[in-house]
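Report on the following structure.
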Amino acid sequence: MSALTFDATGAAREAVESRVPQLAADNVASRIFAKDHTLWGKDAEEESAKRLGWIEAASVSQPLVADIVRLRDELRAEGVDRIVLCGMGGSSLAPEVITATVGVPLVVLDSTDPEQVSAALSERIEATAIVVSSKSGSTVETDSQRRAFEAAFEAAGIEAKQRIVVVTDPGSPLEAASREAGYRAVFNADPNVGGRYSALTAFGLVPSGLAGVDIQALLDEAEEAAELLREDSEDNIGLQLGAALGGTSPLRDKIVIVEDGSGINGFADWAEQLIAESTGKLGKGILPVVASVTSPEVTEDADDVLVVRLVSADAEPVLGPNQAAVGGTLATQMLVWEFATAVAGRLLGINPFDQPDVEAAKAAARGLLDARPEPTPANFTEGAIEVRGGDWLGGAATVEEAVKALLSQLTPTGYLSVQAYLDRLAYPQLEGVRDLFAKATGRPTTFGWGPRFLHSTGQYHKGGPAVGVFLQVTASASKDVEIPGRPFTFAQLIEAQAAGDAQVLAEHGRPVLRLHLTDRDAGVQQLTDLVSALAR
């Protein structure tokens with residue numbers, strides 16, 4: 001059987017002891033596996049009735065394996081061994097975790113940054129196939145990426161339709177268009193699974209399998225894990241983790257997820273989008289914070305923070321106060337966190353399967369693309385950074401003063417969200433400002449790469465508790481990339497996405513400071529130096 005362990009101290013242990021007996025008595029585990037859509041209240045019944053397919057994904061996905069392996073072998077026989085995934089949010093994060101953990105290469109293009117797109121287009125195009133993943137097929141990012149790759153294939157003398165693989169829901173506009181276009185393969189995912197719960201469906205399996213992962217072993221592991229989770233027992237680790245996430249009293253609604261020897265690369269980023277998008281609504285929610293074992297949030301033990309460590313199944317973790325540890329292998333952890341998030345949703349009194357506020361930023365971006373307004377003038381410029389902010393900026397005349405003005409908006413229960421709309425592969429060092437800001441503010445700090453976070457944590461920012469302050473980092477590009485058949489470029493698209501999200505956040509009363517880097521290298525260094533000084 002798949003190994004799975006859980007331990008907890010302090011508030012997490014108290015939540016397990018006080019909540020799990022009732023969860024077990026209410027048969028919550030077996031009812032989830034029976035797809036009982038009444039578990040989350042009357043208002044959630046319509047949505048949950050069509051979103052519980054993830055419970056049986058490991059068995060339902062079995063027929064996909066042979067077709068995926070066959071296609072992988074065909075492509076490799078043709079000299080195609082570079083797989084690029086064009087997907088966003090739940091469609092991209094699971095395959096990224098799976099392939100990184102197993103150690104096989106997969107290029108994940110979850111950005112509209114023109115420099116990141118250009119880099120993906122220019123590398124070994126002759127050996128490349130792309131997987132276009134979108135449930136609806138209307139996702140502007142993936143549609144734009146597909147158009148750009150199709151043009152690149154044709155320019156290289158490659159028959160584009162032989163290099164394009166599509167994953168989508170049955171009956172979607174993308175399915176019809178892809179079959180009509182004669183693309184190499186079209187895989188249908190289970191329409192009864194939401195994107196963030198789709199790790200073990202076609203969305204997780206197709207790109208991972210084509211990249212070289214043993215997806216049969218992954219599914220076998222998940223099926224074993226399901227047997228551990230379906231029992232209405234107080235020893236059910238899924239119920240215990242769910243109680244720790246959503247059942248502390250008073251609620252510790254900042255969950256700091258820490259990699260601590262699990263061997264699963266990038267799992268915290270996947271769990272972040274699962275939890276934030278599932279729970280952040282109706283003014284409630286759990287804010288996931290991806291951190292390291294040395295991060296300030298881990299050592300300071302704030303009253304509204306709970307630390308969850310990701311460990312190996314055979315570990316004996318050393319826990320501080322108000323901490324939990326979950327141990328298990330890749331597919332086991334994925335299934336237990338999906339299950340626990342659904343349980344936490346029940347405890348919080350919210351529907352963990354909808355995302356009512358995600359569309360708002362998309363609509364604002366579409367409006368800006370259609371209207372093409374002139375950029376909002378900067379309040380001022382210092383060095384390589386243009387500064388834009390609201391009335392709360394006051395008389396700020398330097399970047400440091402502007403950042404301090406934003407941080408002054410933080411409440412004792414608030415959080416800072418840093419959002420970087422630029423090439424995450426070229427500027428990974430920018431993530432280092434997260435720990436620095438957490439140290440400078442003494443408050444939980446999140447870091448997200450735009451626009452991918454709009455499809456996940458963006459839900460929490462608008463629908464969760466109104467205690468966030470937001471720092472946007474955007475950047476000018478040294479090159480742009482056309483989008484065939486569209487009246488806008490990638491640079492214009494990412495600009496509209498950042499501006500649209502800032503607009504919606506401001507409409508929700510959230511303060512947003514935008515720092516626009518006129519020179520990427522110089523601007524990243526200037527910002528890093530500034531935050532380092534604040535943290536001293």
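To be explicit about the labels: the chains of the structure tokens are called A, B, and onward in the order shown, and within each one the residues are counted from 1, while ligands get numbers from 1 in the order they are shown.
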
Just list the residues in stretch 161-238 of chain A DSSP gives helix (DSSP H, G or I) on the backbone, as a VMD selection string.
chain A and resid 161 to 163 173 to 181 195 to 197 202 to 211 215 to 229 237 to 238

Based on the backbone DSSP call, show me all residues of stretch 307-487 of chain A assigned strand (DSSP E or B), as a ChimeraX atom specification.
/A:307-311,323-328,380-382,385-388,415-421,445-449,468-475,482

Could you give me, as number ranges by chain, the residues within 7 Å of stretch 338-346 of chain A, counting only C-alpha atoms and dropping anything in the same chain fewer than 5 positions from it?
A: 39-40, 197, 238-239, 241-243, 245-246, 275, 279, 351-352

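Atom CA of A:Ala181 to atom CA of A:Glu96 spans 27.6 Å [interatomic distance, one decimal].
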
Might you pull out every residue within 7 Å of stretch 104-107 of chain A, with only C-alpha atoms counted and same-chain residues fewer than 4 positions away left off, and present them as a short mmCIF file (atom, residue, chain, number, x, y, z; two decimals) with N, CA and C atoms, in the first residue's frame?
data_model
loop_
_atom_site.label_atom_id
_atom_site.label_comp_id
_atom_site.auth_asym_id
_atom_site.auth_seq_id
_atom_site.Cartn_x
_atom_site.Cartn_y
_atom_site.Cartn_z
N ILE A 83 9.06 18.18 -25.52
CA ILE A 83 7.62 18.42 -25.34
C ILE A 83 7.44 19.77 -24.64
N VAL A 84 6.63 20.62 -25.25
CA VAL A 84 6.30 21.92 -24.67
C VAL A 84 4.84 21.90 -24.28
N LEU A 85 4.56 22.22 -23.03
CA LEU A 85 3.19 22.28 -22.55
C LEU A 85 2.71 23.72 -22.56
N THR A 99 6.85 15.81 -13.71
CA THR A 99 8.07 15.61 -14.50
C THR A 99 9.32 16.02 -13.74
N ALA A 100 9.23 17.11 -12.96
CA ALA A 100 10.39 17.55 -12.19
C ALA A 100 10.76 16.53 -11.12
N ALA A 211 6.42 13.21 -22.06
CA ALA A 211 7.77 13.61 -21.65
C ALA A 211 8.60 12.43 -21.17
N GLY A 212 7.94 11.31 -20.80
CA GLY A 212 8.69 10.12 -20.40
C GLY A 212 8.38 9.56 -19.03
N VAL A 213 7.37 10.09 -18.35
CA VAL A 213 7.02 9.59 -17.01
C VAL A 213 6.28 8.26 -17.14
#

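The list of residues with at least one atom within 10 Å of A:Arg31, based on only C-alpha atoms and without residues fewer than 6 positions apart in the same chain, reads A:His37, A:Thr38, A:Leu39, A:Arg230, A:Glu231, A:Asp232.
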
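For A:Pro356, the list of residues within 12 Å, based on only C-alpha atoms and with local chain neighbours fewer than 6 positions off taken out, reads Glu47, Glu277, Ser278, Thr279, Gly280, Lys281, Leu282, Gly283, Ile350, Lys362, His455, Ser456, Gly458, Gln459, Tyr460, His461, Lys462, Gly463 and Gly464 of chain A.
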
With only C-alpha atoms counted and 12 Å as the cut-off, give the residues of stretch 3-112 of chain A in contact with stretch 134-155 of chain A, each with its shortest interatomic distance in Å and the pair that gives it, as a tab-separated table.
residue	atom	partner	partner_atom	distance
A:Val84	CA	A:Phe149	CA	9.9
A:Leu85	CA	A:Thr142	CA	9.2
A:Cys86	CA	A:Thr142	CA	5.5
A:Gly87	CA	A:Thr142	CA	5.7
A:Met88	CA	A:Thr142	CA	7.4
A:Gly89	CA	A:Ser134	CA	9.9
A:Gly90	CA	A:Ser134	CA	9.6
A:Ser91	CA	A:Ser134	CA	6.9
A:Ser92	CA	A:Ser134	CA	9.7
A:Val108	CA	A:Thr142	CA	11.4
A:Leu109	CA	A:Gln145	CA	8.2
A:Asp110	CA	A:Glu141	CA	7.8
A:Ser111	CA	A:Glu141	CA	7.3
A:Thr112	CA	A:Glu141	CA	6.4

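Comparing the minimum interatomic distances between A:Ala522 and each of A:Asn236, A:Gln419, A:Ser476, A:Gln492, counting only C-alpha atoms, we find that A:Ser476 sits nearest.
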
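Straight-line separation from atom CA of A:Leu52 to atom CA of A:Lys35: 5.9 Å.
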
Could you state the separation of atom CA of A:Leu228 and atom CA of A:Leu251 in Å, given to one decimal place?
27.1 Å

Please, which residues in stretch 200-239 of chain A fall within 6 Å of stretch 315-334 of chain A when counting only C-alpha atoms, and what is the closest atom pair and distance in Å to one decimal for each, ordered by chain then residue number, as CSV?
residue,atom,partner,partner_atom,distance
A:Leu218,CA,A:Ala331,CA,5.9
A:Ala222,CA,A:Ala331,CA,5.2
A:Ala225,CA,A:Thr332,CA,5.4

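Shortest separation to A:Arg388 among A:Ala402, A:Ala244, A:Val308, A:Val467 occurs at residue A:Ala402, atoms counted being only C-alpha atoms.
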
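With only C-alpha atoms as the atoms that count, the residue of A:Leu205, A:Ala365, A:Thr446, A:Ser18 with the shortest distance to A:Val256 is A:Thr446.
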